[in-house]
Amino acid sequence: MKKILLFLVAIITLYGCVNPFAPAISDGESSGVTLGDQRTVEGVFQNLRFAYTYKDTLTYGRLLADDFIFSYYNFDQNADKSFGREEDVRATAGLFQSVDNLDLLWNGIITGVGDSLTMDVRRSFLLTIVYSPGDVSTGQGDVIFRLKRNSVEEVWRIQRWQDVSDF
């Protein structure tokens, strides 16, 4: 009887514990940010906002194609820079871990050209990064995405992300 009682206490205790290594699961209703259908272009942008809002590296990683390339202009070095998927996922995970809050807002699509398997989309954004309550940074600009998929049944993935912003 003692063993059964200890077992039940252990299960109840474990059931009530929160995994400190996993982000909190949210339905998105409190912030109005929910997961989108990644079979649509708008769903890609919605999922990117979700990933930033909840600092969700799994959702973020699912957005990127295997041959993903991120590119930007480095103002300090006066040069174009780029890197691949693995480095981008590591850098984004580091960003997610090092800030208190991220708020990514998308404006309307400026241009969208392509077909049912490849789309080039330019869209403006506003990103607020809260490092701590007294340390907030805001940047805006445009992104140019090349989205691809192998068939219309598959989800869109970001193959190329060019950051055209003031960060």
# chains A, B, ... in the order shown; residues from 1 in each chain; ligands from 1
$ residues_around --residues "segment 151-160 of chain A" --least-positions-apart "5" --cutoff "10 Å" --atoms "only C-alpha atoms" --output "PyMOL selection string"
chain A and resi 37-44+61-71+84-85+116-120+143-146
$ select_by_dssp --residues "segment 61-121 of chain A" --states "strand (DSSP E)" --output "ChimeraX atom specification"
/A:64-74,79-84,101-114,118-121
$ write_last_selection --atoms "C-alpha atoms" --output "PDB file, in the first residue's frame"
ATOM      1  CA  LEU A  64      13.391  27.389 -43.566  1.00  0.00           C
ATOM      2  CA  ALA A  65      14.301  25.322 -46.617  1.00  0.00           C
ATOM      3  CA  ASP A  66      17.313  23.011 -46.392  1.00  0.00           C
ATOM      4  CA  ASP A  67      19.217  25.267 -48.835  1.00  0.00           C
ATOM      5  CA  PHE A  68      18.200  28.463 -46.988  1.00  0.00           C
ATOM      6  CA  ILE A  69      20.422  31.559 -47.314  1.00  0.00           C
ATOM      7  CA  PHE A  70      20.120  34.727 -45.190  1.00  0.00           C
ATOM      8  CA  SER A  71      21.721  37.894 -46.568  1.00  0.00           C
ATOM      9  CA  TYR A  72      22.066  41.447 -45.296  1.00  0.00           C
ATOM     10  CA  TYR A  73      24.201  44.541 -45.642  1.00  0.00           C
ATOM     11  CA  ASN A  74      26.725  45.048 -42.844  1.00  0.00           C
ATOM     12  CA  ALA A  79      29.779  44.855 -47.314  1.00  0.00           C
ATOM     13  CA  ASP A  80      27.070  42.347 -48.165  1.00  0.00           C
ATOM     14  CA  LYS A  81      27.081  39.298 -45.866  1.00  0.00           C
ATOM     15  CA  SER A  82      25.266  35.981 -45.988  1.00  0.00           C
ATOM     16  CA  PHE A  83      25.112  32.640 -44.225  1.00  0.00           C
ATOM     17  CA  GLY A  84      23.220  29.373 -44.417  1.00  0.00           C
ATOM     18  CA  ASN A 101      10.468  40.005 -25.656  1.00  0.00           C
ATOM     19  CA  LEU A 102      10.194  40.275 -29.439  1.00  0.00           C
ATOM     20  CA  ASP A 103       7.344  41.914 -31.301  1.00  0.00           C
ATOM     21  CA  LEU A 104       7.312  41.443 -35.066  1.00  0.00           C
ATOM     22  CA  LEU A 105       4.635  43.298 -37.014  1.00  0.00           C
ATOM     23  CA  TRP A 106       4.140  42.825 -40.740  1.00  0.00           C
ATOM     24  CA  ASN A 107       2.884  45.575 -43.007  1.00  0.00           C
ATOM     25  CA  GLY A 108       1.316  44.859 -46.372  1.00  0.00           C
ATOM     26  CA  ILE A 109       3.082  42.936 -49.104  1.00  0.00           C
ATOM     27  CA  ILE A 110       4.860  45.406 -51.375  1.00  0.00           C
ATOM     28  CA  THR A 111       5.460  42.973 -54.235  1.00  0.00           C
ATOM     29  CA  GLY A 112       4.704  39.331 -54.810  1.00  0.00           C
ATOM     30  CA  VAL A 113       5.759  37.657 -58.035  1.00  0.00           C
ATOM     31  CA  GLY A 114       5.804  33.987 -58.883  1.00  0.00           C
ATOM     32  CA  THR A 118       8.084  29.693 -56.242  1.00  0.00           C
ATOM     33  CA  MET A 119       7.251  33.181 -54.955  1.00  0.00           C
ATOM     34  CA  ASP A 120       9.396  36.267 -54.483  1.00  0.00           C
ATOM     35  CA  VAL A 121       7.783  38.465 -51.829  1.00  0.00           C
TER      36      VAL A 121
END
$ closest_residue --among "A:Gln77, A:Gln140, A:Thr57, A:Ser124" --to "Ala91 of chain A" --atoms "only C-alpha atoms"
A:Thr57
$ atom_distance --atom1 "atom CA of Thr128 of chain A" --atom2 "atom CA of Leu58 of chain A"
21.2 Å
$ atom_distance --atom1 "atom CA of Phe96 of chain A" --atom2 "atom CA of Asp135 of chain A"
15.5 Å
$ atom_distance --atom1 "atom CA of Lys55 of chain A" --atom2 "atom CA of Ser98 of chain A"
10.2 Å
$ decode --residues "segment 77-92 of chain A" --atoms "all heavy atoms" --output "mmCIF file, in the first residue's frame"
data_model
loop_
_atom_site.group_PDB
_atom_site.id
_atom_site.type_symbol
_atom_site.label_atom_id
_atom_site.label_comp_id
_atom_site.auth_asym_id
_atom_site.auth_seq_id
_atom_site.Cartn_x
_atom_site.Cartn_y
_atom_site.Cartn_z
ATOM 1 N N GLN A 77 30.980 47.080 -41.850
ATOM 2 C CA GLN A 77 32.007 46.573 -42.760
ATOM 3 C C GLN A 77 31.812 47.051 -44.198
ATOM 4 O O GLN A 77 32.620 46.734 -45.076
ATOM 5 C CB GLN A 77 32.038 45.049 -42.720
ATOM 6 C CG GLN A 77 32.404 44.498 -41.360
ATOM 7 C CD GLN A 77 32.367 42.973 -41.330
ATOM 8 O OE1 GLN A 77 32.167 42.310 -42.345
ATOM 9 N NE2 GLN A 77 32.582 42.414 -40.155
ATOM 10 N N ASN A 78 30.708 47.779 -44.433
ATOM 11 C CA ASN A 78 30.404 48.279 -45.764
ATOM 12 C C ASN A 78 30.425 47.148 -46.802
ATOM 13 O O ASN A 78 31.048 47.265 -47.851
ATOM 14 C CB ASN A 78 31.369 49.404 -46.154
ATOM 15 C CG ASN A 78 30.838 50.237 -47.303
ATOM 16 O OD1 ASN A 78 29.635 50.334 -47.506
ATOM 17 N ND2 ASN A 78 31.751 50.815 -48.068
ATOM 18 N N ALA A 79 29.738 46.027 -46.441
ATOM 19 C CA ALA A 79 29.779 44.855 -47.314
ATOM 20 C C ALA A 79 28.508 44.016 -47.152
ATOM 21 O O ALA A 79 27.890 44.013 -46.087
ATOM 22 C CB ALA A 79 30.995 44.002 -46.973
ATOM 23 N N ASP A 80 28.159 43.322 -48.228
ATOM 24 C CA ASP A 80 27.070 42.347 -48.165
ATOM 25 C C ASP A 80 27.574 41.098 -47.465
ATOM 26 O O ASP A 80 28.711 40.656 -47.699
ATOM 27 C CB ASP A 80 26.592 41.981 -49.573
ATOM 28 C CG ASP A 80 25.843 43.112 -50.248
ATOM 29 O OD1 ASP A 80 24.993 43.729 -49.584
ATOM 30 O OD2 ASP A 80 26.098 43.366 -51.441
ATOM 31 N N LYS A 81 26.732 40.519 -46.613
ATOM 32 C CA LYS A 81 27.081 39.298 -45.866
ATOM 33 C C LYS A 81 25.964 38.290 -46.052
ATOM 34 O O LYS A 81 24.802 38.655 -46.258
ATOM 35 C CB LYS A 81 27.251 39.591 -44.372
ATOM 36 C CG LYS A 81 28.362 40.570 -44.047
ATOM 37 C CD LYS A 81 29.693 39.916 -44.255
ATOM 38 C CE LYS A 81 30.817 40.846 -43.851
ATOM 39 N NZ LYS A 81 32.110 40.212 -43.941
ATOM 40 N N SER A 82 26.296 37.016 -45.929
ATOM 41 C CA SER A 82 25.266 35.981 -45.988
ATOM 42 C C SER A 82 25.751 34.745 -45.244
ATOM 43 O O SER A 82 26.950 34.569 -45.017
ATOM 44 C CB SER A 82 24.926 35.626 -47.437
ATOM 45 O OG SER A 82 26.025 35.051 -48.080
ATOM 46 N N PHE A 83 24.795 33.921 -44.847
ATOM 47 C CA PHE A 83 25.112 32.640 -44.225
ATOM 48 C C PHE A 83 23.945 31.690 -44.417
ATOM 49 O O PHE A 83 22.856 32.097 -44.807
ATOM 50 C CB PHE A 83 25.509 32.780 -42.752
ATOM 51 C CG PHE A 83 24.616 33.657 -41.924
ATOM 52 C CD1 PHE A 83 23.460 33.174 -41.354
ATOM 53 C CD2 PHE A 83 24.958 34.991 -41.694
ATOM 54 C CE1 PHE A 83 22.652 33.979 -40.573
ATOM 55 C CE2 PHE A 83 24.153 35.800 -40.913
ATOM 56 C CZ PHE A 83 23.001 35.296 -40.355
ATOM 57 N N GLY A 84 24.194 30.420 -44.148
ATOM 58 C CA GLY A 84 23.220 29.373 -44.417
ATOM 59 C C GLY A 84 22.296 29.059 -43.255
ATOM 60 O O GLY A 84 22.293 29.719 -42.210
ATOM 61 N N ARG A 85 21.535 28.007 -43.445
ATOM 62 C CA ARG A 85 20.478 27.612 -42.525
ATOM 63 C C ARG A 85 20.997 27.315 -41.122
ATOM 64 O O ARG A 85 20.439 27.793 -40.132
ATOM 65 C CB ARG A 85 19.754 26.382 -43.085
ATOM 66 C CG ARG A 85 18.555 25.952 -42.280
ATOM 67 C CD ARG A 85 17.927 24.676 -42.866
ATOM 68 N NE ARG A 85 16.604 24.457 -42.357
ATOM 69 C CZ ARG A 85 16.336 24.024 -41.134
ATOM 70 N NH1 ARG A 85 17.323 23.756 -40.290
ATOM 71 N NH2 ARG A 85 15.090 23.849 -40.743
ATOM 72 N N GLU A 86 22.027 26.506 -41.023
ATOM 73 C CA GLU A 86 22.528 26.096 -39.705
ATOM 74 C C GLU A 86 22.972 27.294 -38.872
ATOM 75 O O GLU A 86 22.620 27.423 -37.698
ATOM 76 C CB GLU A 86 23.680 25.103 -39.870
ATOM 77 C CG GLU A 86 24.133 24.485 -38.582
ATOM 78 C CD GLU A 86 25.199 23.425 -38.809
ATOM 79 O OE1 GLU A 86 25.044 22.589 -39.719
ATOM 80 O OE2 GLU A 86 26.200 23.450 -38.059
ATOM 81 N N GLU A 87 23.726 28.185 -39.471
ATOM 82 C CA GLU A 87 24.190 29.378 -38.753
ATOM 83 C C GLU A 87 23.016 30.296 -38.402
ATOM 84 O O GLU A 87 22.971 30.878 -37.312
ATOM 85 C CB GLU A 87 25.230 30.133 -39.580
ATOM 86 C CG GLU A 87 25.895 31.257 -38.823
ATOM 87 C CD GLU A 87 26.994 31.939 -39.620
ATOM 88 O OE1 GLU A 87 27.404 31.423 -40.681
ATOM 89 O OE2 GLU A 87 27.443 33.004 -39.169
ATOM 90 N N ASP A 88 22.046 30.400 -39.304
ATOM 91 C CA ASP A 88 20.889 31.251 -39.038
ATOM 92 C C ASP A 88 20.067 30.707 -37.868
ATOM 93 O O ASP A 88 19.650 31.473 -37.001
ATOM 94 C CB ASP A 88 20.003 31.358 -40.278
ATOM 95 C CG ASP A 88 18.829 32.281 -40.044
ATOM 96 O OD1 ASP A 88 19.029 33.511 -40.101
ATOM 97 O OD2 ASP A 88 17.730 31.777 -39.760
ATOM 98 N N VAL A 89 19.833 29.412 -37.837
ATOM 99 C CA VAL A 89 19.059 28.819 -36.744
ATOM 100 C C VAL A 89 19.786 29.029 -35.410
ATOM 101 O O VAL A 89 19.159 29.372 -34.406
ATOM 102 C CB VAL A 89 18.770 27.325 -37.012
ATOM 103 C CG1 VAL A 89 18.216 26.636 -35.783
ATOM 104 C CG2 VAL A 89 17.811 27.180 -38.188
ATOM 105 N N ARG A 90 21.100 28.860 -35.407
ATOM 106 C CA ARG A 90 21.883 29.098 -34.171
ATOM 107 C C ARG A 90 21.792 30.554 -33.734
ATOM 108 O O ARG A 90 21.581 30.858 -32.559
ATOM 109 C CB ARG A 90 23.353 28.728 -34.382
ATOM 110 C CG ARG A 90 23.730 27.359 -33.920
ATOM 111 C CD ARG A 90 25.233 27.165 -33.801
ATOM 112 N NE ARG A 90 26.028 27.724 -34.871
ATOM 113 C CZ ARG A 90 26.359 27.083 -35.981
ATOM 114 N NH1 ARG A 90 25.952 25.856 -36.186
ATOM 115 N NH2 ARG A 90 27.103 27.670 -36.896
ATOM 116 N N ALA A 91 21.937 31.468 -34.675
ATOM 117 C CA ALA A 91 21.879 32.898 -34.345
ATOM 118 C C ALA A 91 20.494 33.285 -33.846
ATOM 119 O O ALA A 91 20.359 34.047 -32.877
ATOM 120 C CB ALA A 91 22.252 33.730 -35.573
ATOM 121 N N THR A 92 19.459 32.764 -34.485
ATOM 122 C CA THR A 92 18.091 33.083 -34.068
ATOM 123 C C THR A 92 17.794 32.499 -32.694
ATOM 124 O O THR A 92 17.172 33.163 -31.854
ATOM 125 C CB THR A 92 17.085 32.581 -35.114
ATOM 126 O OG1 THR A 92 17.396 33.212 -36.371
ATOM 127 C CG2 THR A 92 15.663 32.933 -34.726
#
